[in-house]
Each structure stands twice: as structure tokens, then as C-alpha cells.
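Colleague: The following file, input.txt, comprises compact mmCIF, C-alpha atoms:
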```txt
# COMPACT_ATOMS: atom_id res chain seq x y z
CA MET A 1 -104.78 154.40 30.61
CA LYS A 2 -106.52 151.35 32.02
CA PHE A 3 -109.97 150.07 32.82
CA THR A 4 -111.49 147.13 34.65
CA LEU A 5 -114.26 144.71 33.73
CA LYS A 6 -116.20 142.16 35.70
CA THR A 7 -115.89 138.76 34.02
CA LYS A 8 -117.70 135.48 34.56
CA GLY A 9 -115.06 133.11 33.18
CA HIS A 10 -115.88 129.92 31.21
CA TYR A 11 -115.31 131.53 27.81
CA HIS A 12 -116.73 134.93 28.62
CA PHE A 13 -116.22 137.03 25.47
CA ILE A 14 -116.42 140.82 25.89
CA ASP A 15 -116.17 143.36 23.07
CA ILE A 16 -113.81 146.10 24.32
CA THR A 17 -113.44 148.00 21.04
CA SER A 18 -115.30 151.10 22.23
CA GLN A 19 -113.11 151.52 25.32
CA VAL A 20 -109.96 151.33 23.19
CA GLU A 21 -111.44 153.70 20.58
CA ARG A 22 -112.18 156.26 23.26
CA ALA A 23 -108.65 156.02 24.65
CA VAL A 24 -107.23 156.63 21.17
CA GLU A 25 -109.50 159.63 20.63
CA ASN A 26 -108.57 161.10 23.99
CA SER A 27 -104.86 160.75 23.22
CA GLN A 28 -105.28 162.93 20.10
CA ILE A 29 -102.55 160.84 18.46
CA LYS A 30 -103.22 160.61 14.73
CA GLU A 31 -100.62 158.02 13.63
CA GLY A 32 -99.22 155.33 15.91
CA VAL A 33 -99.83 152.08 17.70
CA VAL A 34 -102.12 151.11 20.58
CA LEU A 35 -101.25 148.16 22.80
CA VAL A 36 -104.13 146.40 24.58
CA PHE A 37 -102.99 144.09 27.37
CA VAL A 38 -104.92 142.03 29.92
CA ARG A 39 -103.14 141.47 33.19
CA GLY A 40 -103.29 137.84 34.28
CA SER A 41 -102.68 134.34 33.00
CA THR A 42 -106.20 132.94 32.46
CA ALA A 43 -107.57 135.45 29.93
CA ALA A 44 -106.58 136.62 26.46
CA VAL A 45 -107.07 139.50 24.01
CA THR A 46 -107.59 138.98 20.29
CA THR A 47 -109.64 140.28 17.36
CA MET A 48 -112.71 138.65 15.83
CA GLU A 49 -116.07 139.39 14.31
CA PHE A 50 -118.02 139.69 17.53
CA GLU A 51 -121.13 137.59 16.96
CA GLN A 52 -122.69 134.73 18.92
CA GLY A 53 -122.25 131.98 16.34
CA LEU A 54 -118.52 132.61 16.03
CA ILE A 55 -118.16 132.79 19.81
CA GLU A 56 -119.54 129.25 19.92
CA ASP A 57 -117.26 128.14 17.08
CA ILE A 58 -114.11 129.49 18.73
CA LYS A 59 -115.14 127.87 21.99
CA GLY A 60 -115.61 124.57 20.17
CA ALA A 61 -112.15 124.71 18.57
CA LEU A 62 -110.44 125.65 21.85
CA GLU A 63 -112.24 122.89 23.76
CA LYS A 64 -110.52 120.42 21.45
CA ILE A 65 -107.11 121.81 22.40
CA ALA A 66 -107.68 122.26 26.13
CA PRO A 67 -111.09 121.12 27.42
CA GLU A 68 -112.30 122.82 30.59
CA ALA A 69 -113.27 119.49 32.13
CA GLY A 70 -109.83 117.93 31.58
CA ASN A 71 -107.39 116.84 34.27
CA TYR A 72 -104.39 119.14 34.45
CA LYS A 73 -101.22 118.90 36.49
CA HIS A 74 -101.58 122.58 37.32
CA HIS A 75 -104.56 121.69 39.51
CA LEU A 76 -102.18 120.06 41.99
CA LYS A 77 -100.42 123.40 42.56
CA TRP A 78 -103.23 125.47 44.05
CA GLY A 79 -106.19 123.11 44.20
CA ASP A 80 -108.17 125.10 41.66
CA LYS A 81 -109.44 123.78 38.33
CA ASN A 82 -108.33 126.35 35.77
CA GLY A 83 -105.51 124.52 33.99
CA ALA A 84 -107.33 124.75 30.67
CA ALA A 85 -107.73 128.50 31.15
CA HIS A 86 -103.98 128.96 31.57
CA ILE A 87 -103.19 126.96 28.43
CA LYS A 88 -105.57 129.01 26.30
CA SER A 89 -104.26 132.30 27.67
CA SER A 90 -100.68 131.36 26.72
CA LEU A 91 -101.73 130.16 23.30
CA ILE A 92 -103.84 133.15 22.21
CA GLY A 93 -101.87 135.72 24.14
CA THR A 94 -102.61 138.58 26.48
CA ASP A 95 -101.32 141.35 24.19
CA LEU A 96 -102.66 142.90 21.00
CA SER A 97 -101.19 145.81 19.03
CA ILE A 98 -103.34 147.79 16.59
CA PRO A 99 -102.30 150.58 14.25
CA ILE A 100 -103.76 154.07 14.59
CA GLU A 101 -104.44 155.79 11.26
CA GLU A 102 -105.76 159.34 10.99
CA GLY A 103 -106.78 159.12 14.63
CA LYS A 104 -108.80 155.90 14.16
CA LEU A 105 -108.16 152.23 14.93
CA GLY A 106 -106.94 150.42 11.80
CA LEU A 107 -109.42 147.56 12.18
CA GLY A 108 -111.51 145.86 9.51
CA THR A 109 -115.26 146.44 9.36
CA TRP A 110 -115.99 143.06 10.95
CA GLN A 111 -113.03 143.06 13.30
CA GLN A 112 -113.55 143.86 16.96
CA ILE A 113 -111.15 143.83 19.92
CA VAL A 114 -112.26 141.08 22.27
CA LEU A 115 -111.32 140.02 25.78
CA ILE A 116 -111.85 136.31 26.44
CA ASP A 117 -111.94 135.20 30.05
CA PHE A 118 -111.26 131.48 30.41
CA ASP A 119 -111.10 131.29 34.20
CA GLU A 120 -113.41 129.13 36.30
CA LYS A 121 -114.81 131.94 38.44
CA GLU A 122 -115.80 135.58 38.42
CA ARG A 123 -112.92 138.02 38.23
CA GLU A 124 -112.25 141.71 38.04
CA ARG A 125 -109.99 142.11 35.02
CA GLU A 126 -107.63 144.98 34.43
CA ILE A 127 -106.99 145.96 30.81
CA ILE A 128 -104.05 148.28 30.16
CA VAL A 129 -104.02 150.51 27.07
CA LYS A 130 -100.80 152.18 25.92
CA ILE A 131 -100.71 154.58 22.98
CA ILE A 132 -97.48 155.29 21.11
CA LYS A 133 -96.95 158.01 18.53
CA GLU A 134 -95.37 157.04 15.22
CA MET B 1 -97.53 153.11 5.38
CA LYS B 2 -99.75 150.42 3.94
CA PHE B 3 -99.99 148.14 0.94
CA THR B 4 -102.55 145.80 -0.56
CA LEU B 5 -102.28 142.24 -1.84
CA LYS B 6 -104.61 140.06 -3.87
CA THR B 7 -105.23 136.81 -1.98
CA LYS B 8 -106.85 133.55 -3.01
CA GLY B 9 -107.89 132.29 0.43
CA HIS B 10 -107.83 128.61 1.46
CA TYR B 11 -104.49 128.84 3.25
CA HIS B 12 -102.84 131.28 0.88
CA PHE B 13 -99.39 131.98 2.39
CA ILE B 14 -97.60 135.13 1.12
CA ASP B 15 -94.09 136.21 2.15
CA ILE B 16 -94.32 139.95 2.88
CA THR B 17 -90.83 140.39 4.38
CA SER B 18 -89.50 142.52 1.51
CA GLN B 19 -92.37 145.02 1.71
CA VAL B 20 -91.79 145.48 5.45
CA GLU B 21 -88.01 145.73 4.96
CA ARG B 22 -88.48 148.49 2.43
CA ALA B 23 -90.80 150.40 4.75
CA VAL B 24 -88.20 150.19 7.52
CA GLU B 25 -85.43 151.40 5.20
CA ASN B 26 -87.56 154.30 3.96
CA SER B 27 -88.30 155.38 7.52
CA GLN B 28 -84.55 155.75 8.22
CA ILE B 29 -85.25 154.66 11.79
CA LYS B 30 -82.26 152.74 13.14
CA GLU B 31 -83.61 151.40 16.45
CA GLY B 32 -87.28 150.74 17.12
CA VAL B 33 -90.27 148.53 16.48
CA VAL B 34 -92.32 147.83 13.36
CA LEU B 35 -95.94 146.69 13.66
CA VAL B 36 -97.39 144.65 10.78
CA PHE B 37 -101.17 144.36 10.88
CA VAL B 38 -103.68 142.81 8.49
CA ARG B 39 -107.09 144.42 8.49
CA GLY B 40 -109.86 141.83 8.66
CA SER B 41 -110.95 138.78 10.61
CA THR B 42 -110.19 135.87 8.25
CA ALA B 43 -106.43 136.32 7.77
CA ALA B 44 -103.38 136.37 10.05
CA VAL B 45 -99.75 137.53 10.18
CA THR B 46 -96.97 135.45 11.72
CA THR B 47 -93.34 134.46 11.16
CA MET B 48 -92.08 131.18 9.72
CA GLU B 49 -89.44 129.70 7.48
CA PHE B 50 -91.20 130.29 4.19
CA GLU B 51 -90.90 126.97 2.35
CA GLN B 52 -93.50 124.73 0.75
CA GLY B 53 -93.13 121.71 3.02
CA LEU B 54 -93.70 123.77 6.15
CA ILE B 55 -96.66 125.53 4.54
CA GLU B 56 -98.26 122.10 4.14
CA ASP B 57 -97.35 121.13 7.72
CA ILE B 58 -98.89 124.28 9.23
CA LYS B 59 -101.99 123.76 7.12
CA GLY B 60 -102.20 120.18 8.41
CA ALA B 61 -101.97 121.23 12.04
CA LEU B 62 -104.54 124.01 11.63
CA GLU B 63 -106.98 121.71 9.83
CA LYS B 64 -107.06 119.59 12.98
CA ILE B 65 -108.10 122.62 15.03
CA ALA B 66 -110.58 124.15 12.59
CA PRO B 67 -111.16 122.20 9.38
CA GLU B 68 -112.32 124.23 6.39
CA ALA B 69 -115.02 121.70 5.59
CA GLY B 70 -116.52 121.78 9.11
CA ASN B 71 -119.96 123.01 10.05
CA TYR B 72 -119.80 126.28 11.95
CA LYS B 73 -122.51 128.29 13.65
CA HIS B 74 -121.05 131.42 12.09
CA HIS B 75 -122.31 130.21 8.71
CA LEU B 76 -125.86 130.91 9.84
CA LYS B 77 -125.06 134.61 10.27
CA TRP B 78 -124.21 135.60 6.72
CA GLY B 79 -124.69 132.42 4.70
CA ASP B 80 -121.00 132.17 3.85
CA LYS B 81 -118.73 129.27 4.72
CA ASN B 82 -115.68 130.84 6.34
CA GLY B 83 -116.16 129.96 10.02
CA ALA B 84 -112.88 128.05 10.08
CA ALA B 85 -111.09 131.08 8.64
CA HIS B 86 -112.34 133.29 11.47
CA ILE B 87 -111.23 130.84 14.14
CA LYS B 88 -107.71 130.61 12.74
CA SER B 89 -107.41 134.38 12.39
CA SER B 90 -108.29 134.86 16.07
CA LEU B 91 -105.94 132.10 17.17
CA ILE B 92 -102.81 133.16 15.25
CA GLY B 93 -103.55 136.87 15.35
CA THR B 94 -103.58 139.74 12.91
CA ASP B 95 -100.69 141.67 14.50
CA LEU B 96 -96.94 141.11 14.58
CA SER B 97 -94.28 143.36 16.12
CA ILE B 98 -90.64 143.06 15.07
CA PRO B 99 -87.62 144.89 16.47
CA ILE B 100 -85.53 147.18 14.27
CA GLU B 101 -81.78 146.98 14.96
CA GLU B 102 -79.23 149.15 13.16
CA GLY B 103 -81.87 149.90 10.54
CA LYS B 104 -82.63 146.23 9.84
CA LEU B 105 -85.43 143.84 10.85
CA GLY B 106 -84.34 141.73 13.83
CA LEU B 107 -85.43 138.45 12.24
CA GLY B 108 -83.60 135.12 12.22
CA THR B 109 -82.02 133.85 9.00
CA TRP B 110 -84.86 131.40 8.39
CA GLN B 111 -87.61 133.63 9.69
CA GLN B 112 -89.87 135.45 7.25
CA ILE B 113 -92.94 137.63 7.80
CA VAL B 114 -95.93 135.82 6.33
CA LEU B 115 -99.54 136.73 5.64
CA ILE B 116 -101.91 133.75 5.71
CA ASP B 117 -105.28 134.20 4.11
CA PHE B 118 -107.79 131.64 5.36
CA ASP B 119 -110.91 133.00 3.67
CA GLU B 120 -112.99 131.02 1.20
CA LYS B 121 -112.72 133.48 -1.67
CA GLU B 122 -110.41 135.98 -3.35
CA ARG B 123 -109.84 139.16 -1.42
CA GLU B 124 -107.89 142.38 -1.63
CA ARG B 125 -106.02 142.55 1.68
CA GLU B 126 -104.74 145.70 3.29
CA ILE B 127 -101.57 145.39 5.40
CA ILE B 128 -100.74 148.34 7.64
CA VAL B 129 -97.13 148.96 8.70
CA LYS B 130 -96.32 151.33 11.56
CA ILE B 131 -92.76 152.18 12.54
CA ILE B 132 -91.92 153.48 15.99
CA LYS B 133 -88.59 154.93 17.11
CA GLU B 134 -87.02 153.55 20.29
CA MET C 1 -80.79 145.69 24.27
CA LYS C 2 -80.47 141.96 23.74
CA PHE C 3 -79.28 138.87 25.55
CA THR C 4 -78.59 135.25 24.70
CA LEU C 5 -79.61 132.01 26.38
CA LYS C 6 -78.49 128.43 25.93
CA THR C 7 -81.53 126.25 25.22
CA LYS C 8 -81.98 122.49 25.14
CA GLY C 9 -85.04 122.32 22.84
CA HIS C 10 -87.85 119.77 23.25
CA TYR C 11 -90.17 122.15 25.11
CA HIS C 12 -87.52 123.95 27.10
CA PHE C 13 -89.38 126.65 29.07
CA ILE C 14 -87.26 129.50 30.48
CA ASP C 15 -88.57 132.34 32.65
CA ILE C 16 -87.02 135.53 31.24
CA THR C 17 -89.03 138.04 33.31
CA SER C 18 -86.06 139.24 35.35
CA GLN C 19 -83.96 140.06 32.27
CA VAL C 20 -86.82 142.11 30.80
CA GLU C 21 -87.47 143.82 34.15
CA ARG C 22 -83.85 144.88 34.39
CA ALA C 23 -83.90 146.27 30.84
CA VAL C 24 -86.99 148.33 31.69
CA GLU C 25 -85.38 149.66 34.88
CA ASN C 26 -82.19 150.58 33.04
CA SER C 27 -84.16 152.47 30.40
CA GLN C 28 -85.66 154.72 33.11
CA ILE C 29 -88.82 154.89 30.99
CA LYS C 30 -91.85 155.21 33.27
CA GLU C 31 -94.73 154.79 30.81
CA GLY C 32 -94.47 152.85 27.56
CA VAL C 33 -94.23 149.47 25.90
CA VAL C 34 -91.54 146.80 25.89
CA LEU C 35 -91.27 144.37 22.98
CA VAL C 36 -89.68 140.98 23.66
CA PHE C 37 -88.72 139.07 20.52
CA VAL C 38 -86.92 135.79 19.97
CA ARG C 39 -84.98 135.55 16.74
CA GLY C 40 -85.67 132.28 14.93
CA SER C 41 -88.48 130.07 13.75
CA THR C 42 -88.47 127.17 16.24
CA ALA C 43 -89.03 129.03 19.51
CA ALA C 44 -91.73 131.32 20.92
CA VAL C 45 -92.33 133.94 23.61
CA THR C 46 -95.52 134.10 25.67
CA THR C 47 -96.75 134.71 29.21
CA MET C 48 -97.81 132.08 31.74
CA GLU C 49 -97.70 131.19 35.39
CA PHE C 50 -94.27 129.64 35.43
CA GLU C 51 -94.71 126.39 37.34
CA GLN C 52 -93.87 122.80 36.49
CA GLY C 53 -97.40 121.40 36.37
CA LEU C 54 -98.54 124.00 33.86
CA ILE C 55 -95.41 123.47 31.77
CA GLU C 56 -96.47 119.83 31.43
CA ASP C 57 -100.05 120.83 30.64
CA ILE C 58 -99.06 123.26 27.88
CA LYS C 59 -96.73 120.64 26.44
CA GLY C 60 -99.60 118.12 26.45
CA ALA C 61 -101.95 120.48 24.59
CA LEU C 62 -99.31 121.41 22.00
CA GLU C 63 -98.39 117.78 21.41
CA LYS C 64 -101.98 117.25 20.27
CA ILE C 65 -101.62 120.00 17.67
CA ALA C 66 -98.10 119.19 16.44
CA PRO C 67 -96.47 116.11 18.01
CA GLU C 68 -92.67 116.12 18.05
CA ALA C 69 -92.57 112.54 16.77
CA GLY C 70 -94.81 113.25 13.76
CA ASN C 71 -93.80 113.08 10.13
CA TYR C 72 -93.57 116.53 8.57
CA LYS C 73 -92.95 117.58 4.99
CA HIS C 74 -90.49 120.17 6.26
CA HIS C 75 -88.12 117.32 7.17
CA LEU C 76 -87.51 116.72 3.46
CA LYS C 77 -86.10 120.23 3.07
CA TRP C 78 -83.04 120.06 5.32
CA GLY C 79 -83.03 116.51 6.64
CA ASP C 80 -83.67 117.62 10.21
CA LYS C 81 -86.64 116.64 12.35
CA ASN C 82 -87.99 119.91 13.74
CA GLY C 83 -91.18 120.39 11.72
CA ALA C 84 -93.30 120.35 14.88
CA ALA C 85 -91.09 123.06 16.39
CA HIS C 86 -91.69 125.35 13.43
CA ILE C 87 -95.47 124.90 13.60
CA LYS C 88 -95.60 125.75 17.30
CA SER C 89 -93.37 128.80 16.85
CA SER C 90 -95.70 130.21 14.17
CA LEU C 91 -98.79 129.45 16.23
CA ILE C 92 -97.70 130.97 19.56
CA GLY C 93 -95.54 133.66 18.03
CA THR C 94 -92.06 135.05 18.56
CA ASP C 95 -93.15 138.51 19.74
CA LEU C 96 -94.71 139.77 22.96
CA SER C 97 -95.51 143.38 23.91
CA ILE C 98 -95.99 144.37 27.54
CA PRO C 99 -97.04 147.73 28.96
CA ILE C 100 -94.73 149.68 31.27
CA GLU C 101 -96.52 151.47 34.11
CA GLU C 102 -94.74 153.67 36.63
CA GLY C 103 -91.48 152.10 35.55
CA LYS C 104 -92.68 148.53 36.11
CA LEU C 105 -93.89 145.73 33.82
CA GLY C 106 -97.70 145.63 33.73
CA LEU C 107 -97.91 141.89 34.38
CA GLY C 108 -100.27 140.02 36.68
CA THR C 109 -98.97 138.48 39.90
CA TRP C 110 -98.91 134.98 38.41
CA GLN C 111 -97.85 136.05 34.94
CA GLN C 112 -94.27 135.58 33.83
CA ILE C 113 -92.55 136.16 30.48
CA VAL C 114 -91.46 132.80 29.13
CA LEU C 115 -89.30 131.65 26.24
CA ILE C 116 -90.24 128.21 24.91
CA ASP C 117 -87.68 126.43 22.77
CA PHE C 118 -89.26 123.73 20.65
CA ASP C 119 -86.23 122.77 18.56
CA GLU C 120 -84.72 119.29 18.50
CA LYS C 121 -81.25 120.30 19.59
CA GLU C 122 -79.30 122.73 21.77
CA ARG C 123 -79.25 126.30 20.55
CA GLU C 124 -77.95 129.67 21.54
CA ARG C 125 -81.02 131.92 21.44
CA GLU C 126 -80.97 135.67 20.96
CA ILE C 127 -83.75 137.64 22.65
CA ILE C 128 -84.17 141.25 21.56
CA VAL C 129 -85.79 143.78 23.92
CA LYS C 130 -87.00 147.14 22.62
CA ILE C 131 -88.40 149.80 24.92
CA ILE C 132 -90.66 152.55 23.61
CA LYS C 133 -91.77 155.65 25.51
CA GLU C 134 -95.48 156.45 25.56
```
Please lay out the structure from this file as C-alpha cells.
Modeller:
Amino acid sequence: MKFTLKTKGHYHFIDITSQVERAVENSQIKEGVVLVFVRGSTAAVTTMEFEQGLIEDIKGALEKIAPEAGNYKHHLKWGDKNGAAHIKSSLIGTDLSIPIEEGKLGLGTWQQIVLIDFDEKEREREIIVKIIKE
Amino acid sequence: MKFTLKTKGHYHFIDITSQVERAVENSQIKEGVVLVFVRGSTAAVTTMEFEQGLIEDIKGALEKIAPEAGNYKHHLKWGDKNGAAHIKSSLIGTDLSIPIEEGKLGLGTWQQIVLIDFDEKEREREIIVKIIKE
Amino acid sequence: MKFTLKTKGHYHFIDITSQVERAVENSQIKEGVVLVFVRGSTAAVTTMEFEQGLIEDIKGALEKIAPEAGNYKHHLKWGDKNGAAHIKSSLIGTDLSIPIEEGKLGLGTWQQIVLIDFDEKEREREIIVKIIKE
């Protein structure tokens, strides 16, 4: 199963928990693993408590590692300005695996599945969901 | 299968390799994948050589990214002080997948499975283990 | 399935997409998940656009977090000098899961599977590939 999302880039955080939950319900698999994967090299998938303060905090920490306004050698390749986006995608990762228990996602109460788009422009993102039976 | 651990927070590193090994042995699956997942948004699971010097080194590197004593916007949400813990959980990740080969974990000799609890207080952590046949 | 690679360390980036693609083709599995895992605690597996400028950019960002030339407590354990390599391996991770769709890897056009060897010396690296049917 897969779905697409319109993203704005520049640290666009989107809670995709409900889409993954629905996919798990539809599969009728009670025990297993779900893989959530974003195609591309300037976005990432992770878990977090999805709330605005923490979004700002994560952005602040990542700006220290790879600031959007920095000069990157990657910019010489295509003439775009998304070197920082690539670095953060590789660091956080584009894949996330979550256990399925009794037909439900094995997440914590304050733990959501979140897509982060780091790119410099609007994109249409494809998220692939694969569900494996234990 | 799942198990719980009492954690102290503040960079509490716990080697959970033996619990995962036992789960793999009990499953009698010879070739496959095991997913290790910590429920929650202030802890992480990764691999490392589990030794005290390296624990200090990883702590040092992570303090540069998200110092425990920092001021975080997330603190305004609930009045707690674990913003740094959330950031590190999202960055390192709460999931880890390891191959199973001939009934054994496909780890290196100096590679252990480690839970890191970043929270500011004691917790009871739930670790979920899912084993999938190739 | 597994394969080995000679690595030079010191941020040696190797594109391993073709080896994983071949393994997926040979499996004849059309829908599922492939796990790519590097054995060891001083290397990592991630995805990125594999091009020289970005390799330099990722190296630059990681040097800020854990510089190769730094002093690490881990060096007291074995007398070697690869503390920074261990930190980066734990941070980026040794595992990567990718969806298989219609018999192909579900990667983006500019998204390759990359092994990064951070160690201080030449190694023979073992990469384990496990393929699971949906």
C-alpha cells in the first residue's frame, strides 16, 4: 500500500500515524511488523510526540548539524540549494519499522509516526507501507 | 514477545542483547529478521560496543546536539524538562532490525543491542520484539 | 544472502544498491521488505544521492558531531583511535529496511543504498541481506 502527500519543505512535519493505522487495520494482520518508507533523499520518517514546541526544538537541533542556509558542495551538482536537506535525510533515515500487536501499532501514547520534509520546495511525497505477518 | 525494564533516564544505557537472543532461540526461526522496538518518545534502540568509555563518548557527542540542561519549547507543553530526551529519541530512533542467520543474531563480535533512556526520571520501559521468518 | 566488501575507513562511502537489487531479483519476491545490515560497530548503512559533493557535505556535518581527530574515552579500552567511528555508527545505524514493489526496490530516483565505513583502518565488511515476503 502507498499514499502521497503534498509537502512544503523547510522542516515540514506531518503526522502520518492515522494513514499507517488504517493500512494495518485493512491488512487484518494481528501480529507482525509494518515498514513505513518515504521515497526520496531529502525527507525522513521517524517517531516523536507530535506537538509544535517539540517540532521547533528538533528543528533547532538539526539546524546546528546542517543549517539550511549553509554552503554545500552538493549545490554545485544541480544548482539547487538543498544540501542540508540531503544530510538530514541520511542521518534520520527514510525507513521506520513498527511492531503490530493484537492488530494495533505498538506505539507509545505520546509517540506518533512523522514525515519530515527538509527540501527547499514543494513536493509530492510517496510513502510506501509494507505489512509483514509474524 | 515483549519485556519491561526499569530505567533511570539521563543517558541510561542498557545492554539488551541477551533478551533478544533468547527470543530468537525460542522462536526456532533459523533465517529471518528480528525487530526490536522501544515504546515511547524519550528513549532509543541502537547497536554499539557496550563499554563504559564509549558510553561516555556517545553521551558527549549527543550533549552537543541536544544538551539536557538546554531550554526547550517542549517544556512549555507539559511543564517537564525532557525536551532534549525527545530530540535524541527521534534522531537515533526507537526501532532496530537485525538479521537472523542459522538461528543466531547477525551481529558483529563487538556489536551489542542497546537501549538508551534519555528521560529525566525513572521509567518502566516496554521493549517489543517481533520475529519474522525469511 | 550476504556479501563482503573491502573498505578503507575514514568515511569510505560505497554504493551497494546493485548488490541489493540483484538479491531482490534472485529472490523472485514481488512484494515485501529487504533488510540490509552491516555487521560491526564502526560502519553504517543509509540512503543518499550518491555523488561526491554530498559525500563531502555529510562528512562535514558528521565531523562536527564526532571529529575523527578527537580524544575519546573509548581509546583507553583497546588502544586504537576509532572512538569517532563508533559514535557515528550508533547514530546513523547499521540497519536499513526498504520496501519491495513489483519485484523492484522502492527507492527514489536519486536515492541509493550506501555503506559508510568510519573505521581508522582497512576492513573486510560483511553485509547481510534478508528478504521477507509481504
Colleague: Can you tell me which residues surround region 1-14 of chain A at a distance of at most 6 Å, considering only C-alpha atoms, apart from same-chain residues fewer than 4 positions away, and format the answer as a count of residues only?
Modeller: 16
Colleague: Give me, as a tab-separated table, each residue of chain A that comes within 9 Å of chain C, together with its shortest interatomic pair and the distance in Å at one decimal, counting all atoms listed in the file, with rows ordered by chain and rising residue number.
Modeller:
```
residue	atom	partner	partner_atom	distance
A:Leu35	CA	C:Pro99	CA	7.5
A:Val36	CA	C:Pro99	CA	8.4
A:Phe37	CA	C:Ile98	CA	7.0
A:Val38	CA	C:Leu107	CA	8.3
A:Arg39	CA	C:Gly108	CA	4.7
A:Gly40	CA	C:Gly108	CA	4.4
A:Ser41	CA	C:Gln111	CA	5.5
A:Thr42	CA	C:Met48	CA	8.5
A:Ile65	CA	C:Ala61	CA	5.8
A:Ala66	CA	C:Ala61	CA	6.2
A:Tyr72	CA	C:Asp57	CA	6.0
A:Lys73	CA	C:Gly53	CA	4.6
A:His74	CA	C:Gly53	CA	4.4
A:His75	CA	C:Gly53	CA	7.8
A:Leu76	CA	C:Gly53	CA	7.5
A:Lys77	CA	C:Gly53	CA	7.2
A:Gly83	CA	C:Leu54	CA	7.0
A:Ala84	CA	C:Asp57	CA	8.3
A:His86	CA	C:Met48	CA	6.9
A:Ile87	CA	C:Ile58	CA	5.6
A:Lys88	CA	C:Ile58	CA	8.8
A:Ser89	CA	C:Met48	CA	7.6
A:Ser90	CA	C:Thr47	CA	5.7
A:Leu91	CA	C:Ile92	CA	5.6
A:Ile92	CA	C:Ile92	CA	7.0
A:Gly93	CA	C:Thr46	CA	6.7
A:Thr94	CA	C:Thr47	CA	7.5
A:Asp95	CA	C:Ser97	CA	6.2
A:Leu96	CA	C:Ser97	CA	7.7
A:Ser97	CA	C:Ser97	CA	7.9
A:Ile128	CA	C:Pro99	CA	7.1
A:Val129	CA	C:Pro99	CA	7.7
A:Lys130	CA	C:Pro99	CA	6.6
A:Ile131	CA	C:Glu134	CA	6.1
A:Ile132	CA	C:Glu134	CA	5.0
A:Lys133	CA	C:Glu134	CA	7.3
```
Colleague: In Å, with one decimal, what is the gap from CA of Lys104 (chain B) to CA of Asn26 (chain C)?
Modeller: 23.6 Å
Colleague: Counting all atoms listed in the file, which of A:Arg22, A:Ala85, A:Gln28, A:Trp78 gets nearest to Ala43 (chain A)?
Modeller: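 Nearest to Ala43 (chain A): A:Ala85.
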Colleague: How many Å separate CA of Leu105 (chain B) from CA of Val24 (chain C)?
Modeller: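 Atom-to-atom, CA of Leu105 (chain B) and CA of Val24 (chain C) are spaced 21.4 Å apart.
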Colleague: Please compute the CA of Ile113 (chain C)-CA of Val34 (chain B) distance, one decimal, in Å.
Modeller: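 Between CA of Ile113 (chain C) and CA of Val34 (chain B) the gap works out to 20.7 Å.
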